[in-house]
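Visitor: Below you'll find target_34.txt; it's compact mmCIF, C-alpha atoms and all ligand atoms.
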```txt
# COMPACT_ATOMS: atom_id res chain seq x y z
CA MET A 25 -13.94 -6.51 25.11
CA SER A 26 -12.12 -3.38 24.10
CA ALA A 27 -9.77 -3.67 21.14
CA ARG A 28 -6.17 -2.57 21.24
CA ALA A 29 -5.25 -0.12 18.49
CA ILE A 30 -2.44 -0.93 16.06
CA ASP A 31 -0.60 2.37 15.82
CA GLY A 32 0.50 2.85 12.19
CA ASN A 33 2.34 6.08 13.03
CA ALA A 34 4.50 4.45 15.70
CA LEU A 35 5.22 1.40 13.54
CA SER A 36 6.08 3.67 10.61
CA ARG A 37 8.54 5.65 12.73
CA HIS A 38 10.20 2.42 13.77
CA LEU A 39 10.41 1.07 10.20
CA ARG A 40 11.57 4.40 8.74
CA HIS A 41 14.36 4.44 11.28
CA GLU A 42 15.35 0.99 10.00
CA VAL A 43 15.20 2.30 6.40
CA SER A 44 17.49 5.22 7.35
CA GLN A 45 20.02 2.88 8.93
CA ARG A 46 20.04 0.45 6.01
CA ALA A 47 20.29 3.36 3.55
CA ALA A 48 23.33 4.64 5.47
CA THR A 49 24.96 1.20 5.12
CA LEU A 50 24.29 1.28 1.37
CA ARG A 51 25.86 4.72 1.09
CA GLU A 52 29.04 3.18 2.48
CA HIS A 53 28.96 1.00 -0.66
CA GLY A 54 28.54 4.14 -2.79
CA ILE A 55 24.81 3.62 -3.41
CA THR A 56 22.08 6.05 -2.37
CA PRO A 57 18.65 4.48 -2.89
CA GLY A 58 16.73 6.68 -5.33
CA LEU A 59 13.02 7.03 -6.06
CA ALA A 60 11.62 8.90 -9.08
CA VAL A 61 8.04 10.10 -8.75
CA ILE A 62 6.18 11.20 -11.88
CA LEU A 63 3.09 13.35 -11.60
CA VAL A 64 1.08 14.35 -14.67
CA GLY A 65 -1.53 17.09 -14.31
CA GLU A 66 -2.79 19.17 -11.41
CA ASN A 67 -4.95 16.75 -9.36
CA PRO A 68 -4.77 18.39 -5.88
CA ALA A 69 -4.91 15.11 -3.94
CA SER A 70 -2.16 13.62 -6.12
CA GLN A 71 0.00 16.69 -5.52
CA VAL A 72 -0.29 16.17 -1.75
CA TYR A 73 0.48 12.43 -2.08
CA VAL A 74 3.61 12.94 -4.19
CA ARG A 75 4.90 15.73 -1.93
CA ASN A 76 4.50 13.42 1.06
CA LYS A 77 6.33 10.60 -0.72
CA VAL A 78 9.24 12.81 -1.75
CA LYS A 79 9.51 14.33 1.75
CA ALA A 80 9.44 10.86 3.34
CA CYS A 81 12.35 9.84 1.09
CA HIS A 82 14.42 12.84 2.08
CA ASP A 83 13.65 12.34 5.78
CA SER A 84 14.93 8.75 5.54
CA GLY A 85 18.12 9.55 3.63
CA LEU A 86 16.84 8.36 0.24
CA HIS A 87 17.45 10.30 -2.98
CA SER A 88 14.21 11.39 -4.60
CA VAL A 89 13.24 13.31 -7.71
CA LEU A 90 9.81 14.63 -8.53
CA GLU A 91 9.00 15.08 -12.20
CA HIS A 92 5.83 17.13 -12.60
CA TYR A 93 4.40 17.47 -16.13
CA PRO A 94 1.40 19.33 -17.51
CA ALA A 95 -1.84 17.41 -18.11
CA ALA A 96 -1.31 17.87 -21.86
CA MET A 97 1.77 15.62 -21.81
CA THR A 98 1.34 12.90 -24.45
CA GLU A 99 1.48 9.20 -23.68
CA ALA A 100 4.55 8.85 -25.92
CA GLU A 101 6.36 11.57 -23.96
CA LEU A 102 5.51 9.89 -20.66
CA LEU A 103 6.64 6.46 -21.90
CA ALA A 104 9.92 8.03 -23.02
CA ARG A 105 10.45 9.51 -19.52
CA VAL A 106 9.76 6.14 -17.89
CA GLN A 107 12.23 4.45 -20.25
CA ALA A 108 14.87 7.08 -19.43
CA LEU A 109 14.37 6.44 -15.71
CA ASN A 110 14.55 2.68 -16.33
CA ALA A 111 18.06 3.29 -17.65
CA ASP A 112 19.11 5.77 -14.93
CA PRO A 113 21.48 4.06 -12.45
CA ALA A 114 20.72 6.64 -9.72
CA ILE A 115 17.06 5.55 -9.70
CA HIS A 116 16.07 2.28 -8.01
CA GLY A 117 12.33 2.84 -7.89
CA ILE A 118 9.86 4.50 -10.28
CA LEU A 119 6.40 5.55 -9.21
CA VAL A 120 3.87 7.03 -11.62
CA GLN A 121 1.15 8.69 -9.57
CA LEU A 122 -2.35 7.54 -10.53
CA PRO A 123 -4.81 8.57 -11.82
CA LEU A 124 -3.33 9.74 -15.11
CA PRO A 125 -5.20 12.05 -17.51
CA PRO A 126 -7.77 10.08 -19.55
CA HIS A 127 -5.82 10.28 -22.84
CA ILE A 128 -2.99 8.24 -21.28
CA ASP A 129 -3.28 4.45 -20.91
CA ALA A 130 -2.22 3.88 -17.29
CA HIS A 131 -1.78 0.15 -17.83
CA ARG A 132 0.66 0.72 -20.73
CA VAL A 133 2.61 3.20 -18.59
CA ILE A 134 2.88 0.82 -15.61
CA GLU A 135 3.93 -2.02 -17.90
CA THR A 136 6.74 0.19 -19.28
CA ILE A 137 8.34 0.49 -15.82
CA ALA A 138 11.21 -2.00 -15.54
CA PRO A 139 9.95 -4.73 -13.14
CA HIS A 140 13.12 -4.40 -11.03
CA LYS A 141 12.18 -0.73 -10.39
CA ASP A 142 8.42 -1.31 -9.89
CA VAL A 143 8.39 -0.27 -6.22
CA ASP A 144 4.62 0.28 -6.25
CA GLY A 145 4.26 -3.41 -7.12
CA PHE A 146 1.62 -2.71 -9.78
CA HIS A 147 3.41 -4.26 -12.80
CA VAL A 148 1.97 -7.53 -14.08
CA ALA A 149 5.40 -9.09 -13.41
CA SER A 150 5.15 -8.08 -9.73
CA ALA A 151 1.58 -9.38 -9.48
CA GLY A 152 2.65 -12.63 -11.15
CA ALA A 153 5.63 -13.02 -8.81
CA LEU A 154 3.34 -12.59 -5.82
CA MET A 155 0.90 -15.12 -7.27
CA VAL A 156 3.53 -17.83 -7.72
CA GLY A 157 5.54 -17.00 -4.59
CA GLN A 158 8.63 -15.65 -6.34
CA PRO A 159 10.60 -12.61 -5.11
CA GLY A 160 9.19 -9.33 -6.35
CA PHE A 161 7.80 -6.05 -5.08
CA LYS A 162 4.69 -6.31 -2.95
CA PRO A 163 2.12 -3.53 -3.36
CA CYS A 164 2.76 -1.07 -0.53
CA THR A 165 -0.64 -1.00 1.18
CA PRO A 166 -1.12 -4.78 1.62
CA TYR A 167 2.59 -5.10 2.47
CA GLY A 168 2.01 -2.52 5.22
CA CYS A 169 -1.01 -4.45 6.52
CA MET A 170 1.12 -7.60 6.82
CA LYS A 171 3.75 -5.61 8.74
CA MET A 172 1.01 -4.45 11.11
CA LEU A 173 0.03 -8.06 11.84
CA GLU A 174 3.71 -8.93 12.36
CA SER A 175 4.11 -5.97 14.74
CA ILE A 176 1.52 -7.40 17.13
CA GLY A 177 3.03 -10.86 16.89
CA TYR A 178 -0.01 -12.22 15.07
CA ASP A 179 0.65 -15.28 12.90
CA PRO A 180 -2.07 -15.70 10.23
CA LYS A 181 -1.24 -19.42 9.90
CA GLY A 182 -4.39 -21.49 10.29
CA LYS A 183 -6.56 -18.39 10.76
CA HIS A 184 -9.55 -17.45 8.65
CA ALA A 185 -9.02 -14.10 6.92
CA VAL A 186 -11.76 -12.21 5.13
CA VAL A 187 -10.69 -9.50 2.70
CA ILE A 188 -13.45 -7.09 1.66
CA GLY A 189 -12.55 -5.66 -1.75
CA ARG A 190 -10.79 -7.19 -4.75
CA SER A 191 -8.92 -4.31 -6.40
CA ASN A 192 -5.58 -5.04 -8.05
CA ILE A 193 -3.76 -2.66 -5.72
CA VAL A 194 -5.25 -3.68 -2.35
CA GLY A 195 -7.79 -6.52 -2.14
CA LYS A 196 -6.25 -9.13 -4.44
CA PRO A 197 -2.60 -8.73 -3.33
CA MET A 198 -3.80 -8.63 0.31
CA ALA A 199 -5.52 -11.98 -0.21
CA MET A 200 -2.37 -13.42 -1.83
CA LEU A 201 -0.13 -12.26 1.03
CA LEU A 202 -2.46 -13.74 3.64
CA LEU A 203 -2.62 -16.98 1.67
CA GLN A 204 1.17 -17.02 1.49
CA ALA A 205 1.16 -16.62 5.29
CA ASN A 206 -0.99 -19.79 5.50
CA ALA A 207 -4.31 -18.15 6.34
CA THR A 208 -7.52 -19.53 4.85
CA VAL A 209 -8.72 -16.60 2.78
CA THR A 210 -12.16 -15.48 1.67
CA VAL A 211 -12.43 -12.52 -0.71
CA CYS A 212 -15.69 -10.55 -0.65
CA HIS A 213 -16.82 -7.85 -3.09
CA SER A 214 -19.84 -5.87 -4.23
CA ALA A 215 -21.62 -9.00 -5.49
CA THR A 216 -21.20 -10.90 -2.19
CA PRO A 217 -24.82 -11.40 -1.06
CA ASP A 218 -24.28 -11.69 2.70
CA LEU A 219 -21.05 -10.01 3.77
CA ALA A 220 -21.72 -10.47 7.49
CA LEU A 221 -22.03 -14.25 7.04
CA HIS A 222 -18.34 -14.28 6.09
CA THR A 223 -16.96 -11.58 8.36
CA ARG A 224 -18.57 -13.12 11.49
CA GLN A 225 -16.41 -16.21 10.96
CA ALA A 226 -13.19 -14.28 10.42
CA ASP A 227 -10.19 -14.12 12.72
CA ILE A 228 -8.81 -11.33 10.52
CA VAL A 229 -10.91 -8.84 8.55
CA VAL A 230 -9.31 -6.44 6.08
CA ALA A 231 -11.73 -3.79 4.80
CA ALA A 232 -10.64 -2.19 1.51
CA VAL A 233 -13.82 -0.84 -0.01
CA GLY A 234 -14.00 2.95 0.15
CA LYS A 235 -17.41 3.16 1.88
CA ARG A 236 -18.10 4.18 5.46
CA ASN A 237 -19.52 1.65 7.92
CA VAL A 238 -19.08 -1.36 5.65
CA LEU A 239 -18.09 -3.25 8.80
CA THR A 240 -20.12 -2.79 11.97
CA ALA A 241 -19.86 -4.41 15.41
CA ASP A 242 -22.54 -7.05 14.73
CA MET A 243 -20.44 -8.32 11.78
CA VAL A 244 -17.29 -9.02 13.81
CA LYS A 245 -16.26 -12.11 15.79
CA PRO A 246 -15.15 -11.22 19.33
CA GLY A 247 -11.37 -10.86 19.48
CA ALA A 248 -10.84 -10.58 15.70
CA VAL A 249 -8.10 -8.44 14.18
CA VAL A 250 -9.65 -5.68 12.06
CA ILE A 251 -7.54 -3.78 9.54
CA ASP A 252 -9.19 -0.75 7.98
CA VAL A 253 -7.68 0.30 4.64
CA GLY A 254 -10.55 2.58 3.62
CA MET A 255 -10.18 6.33 3.33
CA ASN A 256 -13.43 8.25 3.37
CA ARG A 257 -14.86 11.51 4.71
CA ASP A 258 -17.52 11.63 7.40
CA ASP A 259 -20.41 14.13 7.50
CA HIS A 260 -18.06 16.73 9.04
CA GLY A 261 -15.41 16.23 6.37
CA LYS A 262 -13.16 14.32 8.75
CA LEU A 263 -11.09 11.41 7.45
CA CYS A 264 -12.57 8.01 8.36
CA GLY A 265 -12.25 4.41 7.27
CA ASP A 266 -14.61 1.67 6.14
CA VAL A 267 -15.08 0.38 9.68
CA ASP A 268 -17.43 1.75 12.34
CA TYR A 269 -14.47 2.23 14.66
CA ALA A 270 -16.33 3.07 17.87
CA GLY A 271 -18.65 0.06 17.59
CA VAL A 272 -16.15 -2.49 16.26
CA ALA A 273 -13.50 -1.51 18.84
CA LYS A 274 -15.88 -2.86 21.53
CA VAL A 275 -15.84 -6.34 19.93
CA ALA A 276 -12.52 -6.79 18.13
CA GLY A 277 -9.22 -7.77 19.75
CA TRP A 278 -7.12 -5.45 17.60
CA ILE A 279 -8.11 -2.62 15.26
CA THR A 280 -6.32 -0.09 13.07
CA PRO A 281 -7.53 3.52 13.39
CA VAL A 282 -8.14 5.96 10.53
CA PRO A 283 -6.22 8.21 10.41
CA GLY A 284 -3.00 6.86 11.90
CA GLY A 285 -3.35 3.24 10.82
CA VAL A 286 -2.71 1.83 7.36
CA GLY A 287 -2.20 5.27 5.72
CA PRO A 288 1.30 6.03 7.07
CA MET A 289 2.33 2.40 6.49
CA THR A 290 1.72 2.70 2.73
CA ILE A 291 4.41 5.37 2.27
CA THR A 292 6.71 3.54 4.66
CA MET A 293 6.53 0.38 2.57
CA LEU A 294 7.26 2.43 -0.55
CA LEU A 295 10.50 3.53 1.14
CA MET A 296 11.20 -0.07 2.12
CA ASN A 297 10.65 -1.31 -1.46
CA THR A 298 12.95 1.41 -2.84
CA LEU A 299 15.59 0.51 -0.27
CA GLU A 300 15.27 -3.21 -1.05
CA SER A 301 15.57 -2.46 -4.79
CA ALA A 302 18.89 -0.70 -4.16
CA GLU A 303 20.06 -3.43 -1.75
CA ARG A 304 19.61 -6.04 -4.49
CA LEU A 305 22.45 -4.33 -6.37
CA VAL A 306 24.90 -5.26 -3.62
CA GLY A 307 23.36 -8.68 -3.01
P1 LIG B 401 -11.56 0.10 -5.46
O1 LIG B 401 -10.66 -0.18 -6.60
O2 LIG B 401 -12.72 1.03 -5.66
O3 LIG B 401 -12.13 -1.30 -4.92
C1 LIG B 401 -13.14 -1.35 -3.97
C2 LIG B 401 -13.57 -2.79 -3.78
O4 LIG B 401 -14.64 -2.80 -2.84
C3 LIG B 401 -14.10 -3.46 -5.05
O5 LIG B 401 -13.53 -4.73 -5.19
C4 LIG B 401 -15.61 -3.54 -4.81
O6 LIG B 401 -16.21 -4.68 -5.39
C5 LIG B 401 -15.67 -3.65 -3.31
N1 LIG B 401 -16.95 -3.21 -2.80
C6 LIG B 401 -17.65 -2.10 -3.11
N2 LIG B 401 -18.79 -2.03 -2.39
C7 LIG B 401 -18.81 -3.11 -1.60
C8 LIG B 401 -19.72 -3.62 -0.64
N3 LIG B 401 -20.83 -2.95 -0.33
N4 LIG B 401 -19.44 -4.78 -0.02
C9 LIG B 401 -18.30 -5.47 -0.32
N5 LIG B 401 -17.40 -5.03 -1.22
C10 LIG B 401 -17.65 -3.87 -1.86
O7 LIG B 401 -10.77 0.67 -4.22
P2 LIG B 401 -9.25 0.41 -3.71
O8 LIG B 401 -8.31 1.15 -4.58
O9 LIG B 401 -9.04 -1.02 -3.46
O10 LIG B 401 -9.33 1.19 -2.32
C11 LIG B 401 -10.23 0.81 -1.32
C12 LIG B 401 -10.22 1.86 -0.22
O11 LIG B 401 -8.92 1.89 0.35
C13 LIG B 401 -10.49 3.29 -0.68
O12 LIG B 401 -11.15 3.99 0.35
C14 LIG B 401 -9.10 3.87 -0.87
O13 LIG B 401 -9.08 5.28 -0.72
C15 LIG B 401 -8.39 3.20 0.27
N6 LIG B 401 -6.94 3.08 0.10
C16 LIG B 401 -6.19 3.46 1.16
C17 LIG B 401 -4.83 3.34 1.08
C18 LIG B 401 -4.03 3.75 2.27
O14 LIG B 401 -2.84 3.96 2.15
N7 LIG B 401 -4.65 3.85 3.46
C19 LIG B 401 -4.21 2.86 -0.07
C20 LIG B 401 -5.01 2.44 -1.13
C21 LIG B 401 -6.38 2.55 -1.03
P3 LIG B 401 -16.27 -4.92 -7.00
O15 LIG B 401 -14.90 -5.40 -7.39
O16 LIG B 401 -17.31 -5.96 -7.13
O17 LIG B 401 -16.63 -3.60 -7.61
```
Starting from the file, give its structure as structure tokens.
Ligand code: NAP

Guide:
Amino acid sequence: MSARAIDGNALSRHLRHEVSQRAATLREHGITPGLAVILVGENPASQVYVRNKVKACHDSGLHSVLEHYPAAMTEAELLARVQALNADPAIHGILVQLPLPPHIDAHRVIETIAPHKDVDGFHVASAGALMVGQPGFKPCTPYGCMKMLESIGYDPKGKHAVVIGRSNIVGKPMAMLLLQANATVTVCHSATPDLALHTRQADIVVAAVGKRNVLTADMVKPGAVVIDVGMNRDDHGKLCGDVDYAGVAKVAGWITPVPGGVGPMTITMLLMNTLESAERLVG
């Protein structure tokens, strides 16, 4: 078997077009969806990420402001900025780029974001809403993975999904979304003794670890859907995922590439969450 690739770039283009159209409709109601991105410090990777997010907003007709502060900014100053943005009617989504400098408590900062503007979906209120099946913002990466399944017409109902990784931003919300979609979900992590025992039984595998070759062909059931969230560098410095793509693609039914898979979907779902936040204002 040779797996079909799920093209995250093509799906992103399609969804961003939808965002642009819905944003245009909102503008007719006098509302331009607005995202505020806060960056503290000079982390080079974070600078690239926030630039990409702001550009994606502009390309889709969303208003976006980037607030870039020096690493010496105090926690109190940052909390005051978040509170000001909470009260700003032109802003429908607030994103504080992580990691923050070590003297700032990231959890306290995230908890200061008004839940109705928490478009990253990292607030405890968003996590709680997801847990109990109430409306709220879904974290962008797992939300994007669900959209990828939807795009291939794959219904997780009754399927066995194995999520590798249990972080608050990817693994756990991914498991909750799959559970909500009526999959039977197994969550594996660094203390799972025999990962392959679980993955070999899975109809869907989501790898969100941050280590190359965590999933190899011998660990995959023929025909399974494999979603690779990981972002790593190979020996030549090239971007790669957690999955041995060449090997697994010979066994799986569907597979997401890295790059060009989950990565572009994450920013796309940030745009979608910001749009949906603004849409809630007009019901
Ligand atoms: P994280 O917070 O470091 O979590 C990694 C998870 O993997 C942990 O739960 C850890 O288990 C588990 N793990 C580590 N080694 C393992 C092993 N050998 N077998 C099974 N599980 C293992 O990372 P994250 O933030 O979730 O991100 C995961 C990866 O996705 C990273 O490469 C990150 O760069 C990437 N990512 C990509 C996007 C995107 O847009 N494409 C977005 C977010 C993240 P313990 O809990 O036991 O430590």

Visitor: Would you mind listing the residues within 10 Å of ligand LIG 401 (chain B), counting all atoms listed in the file, as a PDB file with C-alpha atoms, in the frame of the given file?

Guide:
```pdb
ATOM      1  CA  PRO A 163       2.120  -3.530  -3.360  1.00  0.00           C
ATOM      2  CA  CYS A 164       2.760  -1.070  -0.530  1.00  0.00           C
ATOM      3  CA  THR A 165      -0.640  -1.000   1.180  1.00  0.00           C
ATOM      4  CA  PRO A 166      -1.120  -4.780   1.620  1.00  0.00           C
ATOM      5  CA  GLY A 168       2.010  -2.520   5.220  1.00  0.00           C
ATOM      6  CA  CYS A 169      -1.010  -4.450   6.520  1.00  0.00           C
ATOM      7  CA  VAL A 187     -10.690  -9.500   2.700  1.00  0.00           C
ATOM      8  CA  ILE A 188     -13.450  -7.090   1.660  1.00  0.00           C
ATOM      9  CA  GLY A 189     -12.550  -5.660  -1.750  1.00  0.00           C
ATOM     10  CA  ARG A 190     -10.790  -7.190  -4.750  1.00  0.00           C
ATOM     11  CA  SER A 191      -8.920  -4.310  -6.400  1.00  0.00           C
ATOM     12  CA  ASN A 192      -5.580  -5.040  -8.050  1.00  0.00           C
ATOM     13  CA  ILE A 193      -3.760  -2.660  -5.720  1.00  0.00           C
ATOM     14  CA  VAL A 194      -5.250  -3.680  -2.350  1.00  0.00           C
ATOM     15  CA  GLY A 195      -7.790  -6.520  -2.140  1.00  0.00           C
ATOM     16  CA  LYS A 196      -6.250  -9.130  -4.440  1.00  0.00           C
ATOM     17  CA  MET A 198      -3.800  -8.630   0.310  1.00  0.00           C
ATOM     18  CA  VAL A 211     -12.430 -12.520  -0.710  1.00  0.00           C
ATOM     19  CA  CYS A 212     -15.690 -10.550  -0.650  1.00  0.00           C
ATOM     20  CA  HIS A 213     -16.820  -7.850  -3.090  1.00  0.00           C
ATOM     21  CA  SER A 214     -19.840  -5.870  -4.230  1.00  0.00           C
ATOM     22  CA  ALA A 215     -21.620  -9.000  -5.490  1.00  0.00           C
ATOM     23  CA  THR A 216     -21.200 -10.900  -2.190  1.00  0.00           C
ATOM     24  CA  PRO A 217     -24.820 -11.400  -1.060  1.00  0.00           C
ATOM     25  CA  ASP A 218     -24.280 -11.690   2.700  1.00  0.00           C
ATOM     26  CA  LEU A 219     -21.050 -10.010   3.770  1.00  0.00           C
ATOM     27  CA  ALA A 220     -21.720 -10.470   7.490  1.00  0.00           C
ATOM     28  CA  ALA A 231     -11.730  -3.790   4.800  1.00  0.00           C
ATOM     29  CA  ALA A 232     -10.640  -2.190   1.510  1.00  0.00           C
ATOM     30  CA  VAL A 233     -13.820  -0.840  -0.010  1.00  0.00           C
ATOM     31  CA  GLY A 234     -14.000   2.950   0.150  1.00  0.00           C
ATOM     32  CA  LYS A 235     -17.410   3.160   1.880  1.00  0.00           C
ATOM     33  CA  ARG A 236     -18.100   4.180   5.460  1.00  0.00           C
ATOM     34  CA  ASN A 237     -19.520   1.650   7.920  1.00  0.00           C
ATOM     35  CA  VAL A 238     -19.080  -1.360   5.650  1.00  0.00           C
ATOM     36  CA  LEU A 239     -18.090  -3.250   8.800  1.00  0.00           C
ATOM     37  CA  ASP A 252      -9.190  -0.750   7.980  1.00  0.00           C
ATOM     38  CA  VAL A 253      -7.680   0.300   4.640  1.00  0.00           C
ATOM     39  CA  GLY A 254     -10.550   2.580   3.620  1.00  0.00           C
ATOM     40  CA  MET A 255     -10.180   6.330   3.330  1.00  0.00           C
ATOM     41  CA  ASN A 256     -13.430   8.250   3.370  1.00  0.00           C
ATOM     42  CA  ARG A 257     -14.860  11.510   4.710  1.00  0.00           C
ATOM     43  CA  CYS A 264     -12.570   8.010   8.360  1.00  0.00           C
ATOM     44  CA  GLY A 265     -12.250   4.410   7.270  1.00  0.00           C
ATOM     45  CA  ASP A 266     -14.610   1.670   6.140  1.00  0.00           C
ATOM     46  CA  VAL A 282      -8.140   5.960  10.530  1.00  0.00           C
ATOM     47  CA  PRO A 283      -6.220   8.210  10.410  1.00  0.00           C
ATOM     48  CA  GLY A 284      -3.000   6.860  11.900  1.00  0.00           C
ATOM     49  CA  GLY A 285      -3.350   3.240  10.820  1.00  0.00           C
ATOM     50  CA  VAL A 286      -2.710   1.830   7.360  1.00  0.00           C
ATOM     51  CA  GLY A 287      -2.200   5.270   5.720  1.00  0.00           C
ATOM     52  CA  PRO A 288       1.300   6.030   7.070  1.00  0.00           C
ATOM     53  CA  MET A 289       2.330   2.400   6.490  1.00  0.00           C
ATOM     54  CA  THR A 290       1.720   2.700   2.730  1.00  0.00           C
ATOM     55  CA  ILE A 291       4.410   5.370   2.270  1.00  0.00           C
ATOM     56  CA  THR A 292       6.710   3.540   4.660  1.00  0.00           C
TER      57      THR A 292
END
```

Visitor: Quick one: of A:Lys141, A:Ala185, A:Gly54, A:Pro123, who's nearest to Ala69 in chain A, counting all atoms listed in the file?

Guide: A:Pro123

Visitor: May I ask which of the residues A:Cys81, A:Val250, A:Leu122, A:Ile137 is the closest one to Arg40 in chain A, counting all atoms listed in the file?

Guide: A:Cys81

Visitor: Report the distance between CA of Arg51 in chain A and CA of Gly307 in chain A in Å, rounded to one decimal place.

Guide: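 We find that CA of Arg51 in chain A and CA of Gly307 in chain A lie 14.2 Å from each other.
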
Visitor: Determine, counting all atoms listed in the file, which protein, DNA and RNA residues have an atom within 9 Å of an atom of Glu135 in chain A; residues of the same chain fewer than 3 positions away are not included. Present the result as number ranges by chain.

Guide: A: 130-132, 138-139, 146-149
